[in-house]
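S.K.: Input: one structure, supplied below.
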Amino acid sequence: MAMRWLVAVLAIAATAVLIYLFAAFPYVTDAEVIVTAPDVGMLSFTLVNPSIRTVCLTEVEVMEPTGVKAELHVTEIRDGVVTMKPVDKVCAPPLGRVRLGHMGYHVMLMGPLNSSRYAFLLRLDSTTLTITVETQRR
Ligand SMILES: [Cu+2]
């Protein structure tokens, strides 16, 4: 009888863990806007995926300020030359993370980057995230 209860409790706990792992939402840490040239910069951040499914970022929209365009890029070295090209998505593995920064994947920003506050809408395959970034003007 006690054994049957134990099995039932374990089954319920295992189901709860599975539901949590499937439903756990991705989030963003260490977001930063880096301006590299007049009207050119990048949004750098880490996309954390606590779920057991792969989560892919498919689009970034700049909500604030207006007039700034964002593109998902990857940096590649071809024939000794550093080039970048647009990509359709950037994915974080199950229970993993992906860093978007200077090299490798990044979010390219094009437009007037003289704001002290930025707001972005990140479209993921399963959900959307909004992040705001404050910058110190130097
Ligand atoms: Cu780029």
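Quick note on naming: the chains in the structure tokens go A, B, ... in the order shown, residues restart at 1 in each chain, and ligands are numbered from 1 in order of appearance.
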So that I can check the surroundings of Cys56 of chain A, please list as number ranges by chain every protein, DNA and RNA residue that reaches within 9 Å of it, counting only C-alpha atoms and ignoring chain neighbours fewer than 2 positions away.
M.R.: A: 54, 58, 89-93, 123-126
S.K.: Give me every helix (DSSP H, G or I) residue in chain A, going by DSSP on the backbone, as JSON, numbers by chain.
M.R.: {"A": [2, 3, 4, 5, 6, 7, 8, 9, 10, 11, 12, 13, 14, 15, 16, 17, 18, 19, 20, 21, 22, 23]}
S.K.: Suppose we keep N, CA and C atoms; can you now write the selection as a PDB file, in the first residue's frame?
M.R.:
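What ended up in selection.pdb:
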ATOM      1  N   ALA A   2       1.883   1.282   0.919  1.00  0.00           N
ATOM      2  CA  ALA A   2       2.807   2.420   0.992  1.00  0.00           C
ATOM      3  C   ALA A   2       3.571   2.563  -0.322  1.00  0.00           C
ATOM      4  N   MET A   3       3.952   1.424  -0.906  1.00  0.00           N
ATOM      5  CA  MET A   3       4.677   1.413  -2.180  1.00  0.00           C
ATOM      6  C   MET A   3       3.842   2.058  -3.279  1.00  0.00           C
ATOM      7  N   ARG A   4       2.556   1.763  -3.290  1.00  0.00           N
ATOM      8  CA  ARG A   4       1.667   2.301  -4.315  1.00  0.00           C
ATOM      9  C   ARG A   4       1.587   3.831  -4.212  1.00  0.00           C
ATOM     10  N   TRP A   5       1.546   4.305  -2.964  1.00  0.00           N
ATOM     11  CA  TRP A   5       1.522   5.755  -2.738  1.00  0.00           C
ATOM     12  C   TRP A   5       2.807   6.413  -3.228  1.00  0.00           C
ATOM     13  N   LEU A   6       3.925   5.747  -2.913  1.00  0.00           N
ATOM     14  CA  LEU A   6       5.227   6.277  -3.312  1.00  0.00           C
ATOM     15  C   LEU A   6       5.313   6.396  -4.832  1.00  0.00           C
ATOM     16  N   VAL A   7       4.875   5.362  -5.531  1.00  0.00           N
ATOM     17  CA  VAL A   7       4.897   5.373  -6.997  1.00  0.00           C
ATOM     18  C   VAL A   7       4.009   6.501  -7.522  1.00  0.00           C
ATOM     19  N   ALA A   8       2.839   6.656  -6.907  1.00  0.00           N
ATOM     20  CA  ALA A   8       1.916   7.707  -7.349  1.00  0.00           C
ATOM     21  C   ALA A   8       2.531   9.090  -7.145  1.00  0.00           C
ATOM     22  N   VAL A   9       3.150   9.303  -5.996  1.00  0.00           N
ATOM     23  CA  VAL A   9       3.770  10.598  -5.698  1.00  0.00           C
ATOM     24  C   VAL A   9       4.919  10.871  -6.666  1.00  0.00           C
ATOM     25  N   LEU A  10       5.746   9.856  -6.924  1.00  0.00           N
ATOM     26  CA  LEU A  10       6.868  10.015  -7.857  1.00  0.00           C
ATOM     27  C   LEU A  10       6.361  10.329  -9.267  1.00  0.00           C
ATOM     28  N   ALA A  11       5.289   9.672  -9.668  1.00  0.00           N
ATOM     29  CA  ALA A  11       4.730   9.904 -11.002  1.00  0.00           C
ATOM     30  C   ALA A  11       4.231  11.341 -11.123  1.00  0.00           C
ATOM     31  N   ILE A  12       3.574  11.819 -10.082  1.00  0.00           N
ATOM     32  CA  ILE A  12       3.072  13.201 -10.094  1.00  0.00           C
ATOM     33  C   ILE A  12       4.239  14.188 -10.138  1.00  0.00           C
ATOM     34  N   ALA A  13       5.282  13.924  -9.332  1.00  0.00           N
ATOM     35  CA  ALA A  13       6.450  14.809  -9.301  1.00  0.00           C
ATOM     36  C   ALA A  13       7.144  14.832 -10.662  1.00  0.00           C
ATOM     37  N   ALA A  14       7.298  13.663 -11.273  1.00  0.00           N
ATOM     38  CA  ALA A  14       7.963  13.585 -12.574  1.00  0.00           C
ATOM     39  C   ALA A  14       7.171  14.346 -13.630  1.00  0.00           C
ATOM     40  N   THR A  15       5.845  14.229 -13.583  1.00  0.00           N
ATOM     41  CA  THR A  15       4.990  14.944 -14.532  1.00  0.00           C
ATOM     42  C   THR A  15       5.125  16.451 -14.346  1.00  0.00           C
ATOM     43  N   ALA A  16       5.173  16.886 -13.079  1.00  0.00           N
ATOM     44  CA  ALA A  16       5.307  18.314 -12.790  1.00  0.00           C
ATOM     45  C   ALA A  16       6.631  18.846 -13.334  1.00  0.00           C
ATOM     46  N   VAL A  17       7.708  18.079 -13.154  1.00  0.00           N
ATOM     47  CA  VAL A  17       9.025  18.498 -13.649  1.00  0.00           C
ATOM     48  C   VAL A  17       9.001  18.601 -15.180  1.00  0.00           C
ATOM     49  N   LEU A  18       8.396  17.607 -15.830  1.00  0.00           N
ATOM     50  CA  LEU A  18       8.313  17.618 -17.293  1.00  0.00           C
ATOM     51  C   LEU A  18       7.515  18.813 -17.793  1.00  0.00           C
ATOM     52  N   ILE A  19       6.391  19.086 -17.140  1.00  0.00           N
ATOM     53  CA  ILE A  19       5.570  20.239 -17.542  1.00  0.00           C
ATOM     54  C   ILE A  19       6.371  21.529 -17.368  1.00  0.00           C
ATOM     55  N   TYR A  20       7.086  21.613 -16.243  1.00  0.00           N
ATOM     56  CA  TYR A  20       7.907  22.806 -16.007  1.00  0.00           C
ATOM     57  C   TYR A  20       8.954  22.955 -17.100  1.00  0.00           C
ATOM     58  N   LEU A  21       9.657  21.873 -17.422  1.00  0.00           N
ATOM     59  CA  LEU A  21      10.747  21.948 -18.394  1.00  0.00           C
ATOM     60  C   LEU A  21      10.236  22.289 -19.797  1.00  0.00           C
ATOM     61  N   PHE A  22       9.009  21.850 -20.114  1.00  0.00           N
ATOM     62  CA  PHE A  22       8.449  22.178 -21.424  1.00  0.00           C
ATOM     63  C   PHE A  22       7.986  23.626 -21.466  1.00  0.00           C
ATOM     64  N   ALA A  23       7.471  24.094 -20.318  1.00  0.00           N
ATOM     65  CA  ALA A  23       6.845  25.414 -20.302  1.00  0.00           C
ATOM     66  C   ALA A  23       7.801  26.519 -19.883  1.00  0.00           C
TER      67      ALA A  23
END
S.K.: Quick one: residues within 8 Å of Val48 of chain A, only C-alpha atoms, excluding same-chain residues fewer than 5 positions away - as a PDB file with C-alpha atoms, in the first residue's frame?
M.R.:
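Here's the written file around-v3.pdb:
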ATOM      1  CA  PRO A  26      13.519  31.709 -22.255  1.00  0.00           C
ATOM      2  CA  TYR A  27      14.964  34.962 -20.951  1.00  0.00           C
ATOM      3  CA  VAL A  28      17.687  37.475 -21.706  1.00  0.00           C
ATOM      4  CA  THR A  29      20.652  38.559 -19.548  1.00  0.00           C
ATOM      5  CA  ALA A  92      19.746  28.258 -27.891  1.00  0.00           C
ATOM      6  CA  LEU A  95      18.912  23.802 -21.048  1.00  0.00           C
ATOM      7  CA  GLY A  96      21.543  26.009 -22.676  1.00  0.00           C
ATOM      8  CA  ARG A  97      22.291  29.516 -23.808  1.00  0.00           C
ATOM      9  CA  VAL A  98      23.605  31.427 -26.781  1.00  0.00           C
TER      10      VAL A  98
END
S.K.: I'd like the neighbourhood of Gly41 of chain A as a PDB file with N, CA and C atoms, in the first residue's frame, where a residue qualifies if any of its atoms comes within 10 Å (using only C-alpha atoms), though same-chain residues fewer than 2 positions away should be ignored.
M.R.:
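In the end it all went to part.pdb:
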ATOM      1  N   VAL A  33      23.771  47.802 -25.549  1.00  0.00           N
ATOM      2  CA  VAL A  33      23.825  48.378 -26.894  1.00  0.00           C
ATOM      3  C   VAL A  33      25.209  48.983 -27.079  1.00  0.00           C
ATOM      4  N   ILE A  34      25.915  48.533 -28.113  1.00  0.00           N
ATOM      5  CA  ILE A  34      27.265  49.009 -28.385  1.00  0.00           C
ATOM      6  C   ILE A  34      27.255  49.753 -29.714  1.00  0.00           C
ATOM      7  N   VAL A  35      27.603  51.028 -29.652  1.00  0.00           N
ATOM      8  CA  VAL A  35      27.643  51.828 -30.880  1.00  0.00           C
ATOM      9  C   VAL A  35      29.074  51.792 -31.412  1.00  0.00           C
ATOM     10  N   THR A  36      29.243  51.279 -32.624  1.00  0.00           N
ATOM     11  CA  THR A  36      30.587  51.085 -33.174  1.00  0.00           C
ATOM     12  C   THR A  36      30.964  52.138 -34.203  1.00  0.00           C
ATOM     13  N   ALA A  37      29.983  52.760 -34.818  1.00  0.00           N
ATOM     14  CA  ALA A  37      30.241  53.800 -35.806  1.00  0.00           C
ATOM     15  C   ALA A  37      28.997  54.666 -35.858  1.00  0.00           C
ATOM     16  N   PRO A  38      29.079  55.857 -36.453  1.00  0.00           N
ATOM     17  CA  PRO A  38      27.856  56.658 -36.557  1.00  0.00           C
ATOM     18  C   PRO A  38      26.779  55.843 -37.289  1.00  0.00           C
ATOM     19  N   ASP A  39      25.623  55.692 -36.687  1.00  0.00           N
ATOM     20  CA  ASP A  39      24.510  54.961 -37.287  1.00  0.00           C
ATOM     21  C   ASP A  39      24.714  53.451 -37.401  1.00  0.00           C
ATOM     22  N   LEU A  43      23.276  45.114 -30.716  1.00  0.00           N
ATOM     23  CA  LEU A  43      22.637  44.747 -29.465  1.00  0.00           C
ATOM     24  C   LEU A  43      23.273  43.432 -29.052  1.00  0.00           C
ATOM     25  N   SER A  44      23.865  43.426 -27.874  1.00  0.00           N
ATOM     26  CA  SER A  44      24.563  42.245 -27.395  1.00  0.00           C
ATOM     27  C   SER A  44      23.809  41.695 -26.187  1.00  0.00           C
ATOM     28  N   ALA A  70      17.018  46.509 -37.149  1.00  0.00           N
ATOM     29  CA  ALA A  70      17.814  45.443 -36.539  1.00  0.00           C
ATOM     30  C   ALA A  70      17.850  44.233 -37.455  1.00  0.00           C
ATOM     31  N   VAL A 107      23.219  41.014 -33.162  1.00  0.00           N
ATOM     32  CA  VAL A 107      22.097  41.787 -33.696  1.00  0.00           C
ATOM     33  C   VAL A 107      22.660  43.124 -34.145  1.00  0.00           C
ATOM     34  N   MET A 108      22.647  43.338 -35.447  1.00  0.00           N
ATOM     35  CA  MET A 108      23.173  44.567 -36.032  1.00  0.00           C
ATOM     36  C   MET A 108      22.108  45.658 -35.954  1.00  0.00           C
ATOM     37  N   LEU A 109      22.529  46.839 -35.524  1.00  0.00           N
ATOM     38  CA  LEU A 109      21.603  47.972 -35.455  1.00  0.00           C
ATOM     39  C   LEU A 109      22.036  49.027 -36.460  1.00  0.00           C
ATOM     40  N   MET A 110      21.106  49.512 -37.250  1.00  0.00           N
ATOM     41  CA  MET A 110      21.407  50.522 -38.249  1.00  0.00           C
ATOM     42  C   MET A 110      20.394  51.654 -38.156  1.00  0.00           C
ATOM     43  N   GLY A 111      20.897  52.862 -37.951  1.00  0.00           N
ATOM     44  CA  GLY A 111      20.023  54.024 -37.810  1.00  0.00           C
ATOM     45  C   GLY A 111      20.610  54.959 -36.768  1.00  0.00           C
ATOM     46  N   PRO A 112      19.881  56.005 -36.433  1.00  0.00           N
ATOM     47  CA  PRO A 112      20.388  56.970 -35.449  1.00  0.00           C
ATOM     48  C   PRO A 112      20.464  56.357 -34.041  1.00  0.00           C
ATOM     49  N   LEU A 113      21.694  56.092 -33.585  1.00  0.00           N
ATOM     50  CA  LEU A 113      21.887  55.425 -32.293  1.00  0.00           C
ATOM     51  C   LEU A 113      22.380  56.414 -31.239  1.00  0.00           C
TER      52      LEU A 113
END
S.K.: Per DSSP on the backbone, what are the strand (DSSP E) residues of segment 20-130 of chain A, as JSON, numbers by chain?
M.R.: {"A": [27, 28, 29, 30, 31, 32, 33, 34, 35, 36, 37, 40, 41, 42, 43, 44, 45, 46, 47, 48, 49, 55, 56, 57, 58, 59, 60, 61, 62, 63, 64, 69, 70, 71, 72, 73, 74, 75, 76, 77, 78, 81, 82, 83, 84, 85, 86, 90, 91, 92, 96, 97, 98, 99, 100, 105, 106, 107, 108, 109, 110, 117, 118, 119, 120, 121, 122, 123, 124, 128, 129, 130]}
S.K.: Grab the residues selected above and save them as a PDB file, in the first residue's frame with C-alpha atoms.
M.R.:
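The resulting file, result_38.pdb, is reproduced below:
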ATOM      1  CA  TYR A  27      14.964  34.962 -20.951  1.00  0.00           C
ATOM      2  CA  VAL A  28      17.687  37.475 -21.706  1.00  0.00           C
ATOM      3  CA  THR A  29      20.652  38.559 -19.548  1.00  0.00           C
ATOM      4  CA  ASP A  30      23.511  41.041 -19.942  1.00  0.00           C
ATOM      5  CA  ALA A  31      21.843  43.112 -22.651  1.00  0.00           C
ATOM      6  CA  GLU A  32      23.924  46.005 -23.945  1.00  0.00           C
ATOM      7  CA  VAL A  33      23.825  48.378 -26.894  1.00  0.00           C
ATOM      8  CA  ILE A  34      27.265  49.009 -28.385  1.00  0.00           C
ATOM      9  CA  VAL A  35      27.643  51.828 -30.880  1.00  0.00           C
ATOM     10  CA  THR A  36      30.587  51.085 -33.174  1.00  0.00           C
ATOM     11  CA  ALA A  37      30.241  53.800 -35.806  1.00  0.00           C
ATOM     12  CA  VAL A  40      25.933  51.457 -36.776  1.00  0.00           C
ATOM     13  CA  GLY A  41      25.973  49.367 -33.645  1.00  0.00           C
ATOM     14  CA  MET A  42      24.902  46.131 -32.108  1.00  0.00           C
ATOM     15  CA  LEU A  43      22.637  44.747 -29.465  1.00  0.00           C
ATOM     16  CA  SER A  44      24.563  42.245 -27.395  1.00  0.00           C
ATOM     17  CA  PHE A  45      22.946  39.785 -24.982  1.00  0.00           C
ATOM     18  CA  THR A  46      22.716  36.188 -23.783  1.00  0.00           C
ATOM     19  CA  LEU A  47      19.583  34.203 -24.571  1.00  0.00           C
ATOM     20  CA  VAL A  48      19.027  31.636 -21.804  1.00  0.00           C
ATOM     21  CA  ASN A  49      16.865  28.608 -22.514  1.00  0.00           C
ATOM     22  CA  VAL A  55      14.477  27.894 -28.676  1.00  0.00           C
ATOM     23  CA  CYS A  56      15.230  30.035 -31.710  1.00  0.00           C
ATOM     24  CA  LEU A  57      15.314  33.791 -32.072  1.00  0.00           C
ATOM     25  CA  THR A  58      13.899  34.624 -35.486  1.00  0.00           C
ATOM     26  CA  GLU A  59      13.561  38.410 -35.517  1.00  0.00           C
ATOM     27  CA  VAL A  60      14.454  41.510 -33.545  1.00  0.00           C
ATOM     28  CA  GLU A  61      12.371  44.667 -33.808  1.00  0.00           C
ATOM     29  CA  VAL A  62      13.490  48.029 -32.462  1.00  0.00           C
ATOM     30  CA  MET A  63      10.478  49.598 -30.750  1.00  0.00           C
ATOM     31  CA  GLU A  64      12.388  52.547 -29.341  1.00  0.00           C
ATOM     32  CA  LYS A  69      16.623  48.730 -38.084  1.00  0.00           C
ATOM     33  CA  ALA A  70      17.814  45.443 -36.539  1.00  0.00           C
ATOM     34  CA  GLU A  71      19.167  42.401 -38.369  1.00  0.00           C
ATOM     35  CA  LEU A  72      20.372  39.009 -37.166  1.00  0.00           C
ATOM     36  CA  HIS A  73      23.920  38.478 -38.408  1.00  0.00           C
ATOM     37  CA  VAL A  74      26.741  35.998 -38.132  1.00  0.00           C
ATOM     38  CA  THR A  75      30.394  36.974 -38.426  1.00  0.00           C
ATOM     39  CA  GLU A  76      32.529  34.726 -40.570  1.00  0.00           C
ATOM     40  CA  ILE A  77      36.162  34.739 -41.590  1.00  0.00           C
ATOM     41  CA  ARG A  78      36.427  34.018 -45.301  1.00  0.00           C
ATOM     42  CA  VAL A  81      38.637  38.616 -44.249  1.00  0.00           C
ATOM     43  CA  VAL A  82      36.029  39.197 -41.555  1.00  0.00           C
ATOM     44  CA  THR A  83      32.586  39.385 -43.151  1.00  0.00           C
ATOM     45  CA  MET A  84      29.052  39.238 -41.847  1.00  0.00           C
ATOM     46  CA  LYS A  85      25.903  37.876 -43.361  1.00  0.00           C
ATOM     47  CA  PRO A  86      22.240  37.836 -42.322  1.00  0.00           C
ATOM     48  CA  VAL A  90      19.850  32.018 -33.796  1.00  0.00           C
ATOM     49  CA  CYS A  91      19.067  29.049 -31.544  1.00  0.00           C
ATOM     50  CA  ALA A  92      19.746  28.258 -27.891  1.00  0.00           C
ATOM     51  CA  GLY A  96      21.543  26.009 -22.676  1.00  0.00           C
ATOM     52  CA  ARG A  97      22.291  29.516 -23.808  1.00  0.00           C
ATOM     53  CA  VAL A  98      23.605  31.427 -26.781  1.00  0.00           C
ATOM     54  CA  ARG A  99      25.604  34.649 -26.638  1.00  0.00           C
ATOM     55  CA  LEU A 100      25.015  37.321 -29.246  1.00  0.00           C
ATOM     56  CA  TYR A 105      26.073  35.838 -33.848  1.00  0.00           C
ATOM     57  CA  HIS A 106      24.984  39.387 -33.229  1.00  0.00           C
ATOM     58  CA  VAL A 107      22.097  41.787 -33.696  1.00  0.00           C
ATOM     59  CA  MET A 108      23.173  44.567 -36.032  1.00  0.00           C
ATOM     60  CA  LEU A 109      21.603  47.972 -35.455  1.00  0.00           C
ATOM     61  CA  MET A 110      21.407  50.522 -38.249  1.00  0.00           C
ATOM     62  CA  ARG A 117      17.092  54.157 -23.827  1.00  0.00           C
ATOM     63  CA  TYR A 118      16.337  51.341 -26.234  1.00  0.00           C
ATOM     64  CA  ALA A 119      13.443  48.908 -26.345  1.00  0.00           C
ATOM     65  CA  PHE A 120      13.494  45.719 -28.393  1.00  0.00           C
ATOM     66  CA  LEU A 121      10.947  43.079 -29.251  1.00  0.00           C
ATOM     67  CA  LEU A 122      12.537  39.662 -29.671  1.00  0.00           C
ATOM     68  CA  ARG A 123      10.488  37.195 -31.667  1.00  0.00           C
ATOM     69  CA  LEU A 124      11.221  33.605 -30.676  1.00  0.00           C
ATOM     70  CA  THR A 128       8.114  37.050 -27.722  1.00  0.00           C
ATOM     71  CA  LEU A 129      10.299  38.933 -25.248  1.00  0.00           C
ATOM     72  CA  THR A 130      10.615  42.658 -24.686  1.00  0.00           C
TER      73      THR A 130
END
S.K.: Find the residue from A:Asn114, A:His102, A:Val87, A:Ala24 that sits nearest to Gly67 of chain A; use only C-alpha atoms when measuring.
M.R.: A:Asn114
S.K.: A:Ile52, A:Ile131, A:Met103, A:Val68: which is nearest ligand 1, counting only C-alpha atoms and all ligand atoms?
M.R.: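 Under the stated criterion, the closest residue is A:Met103.
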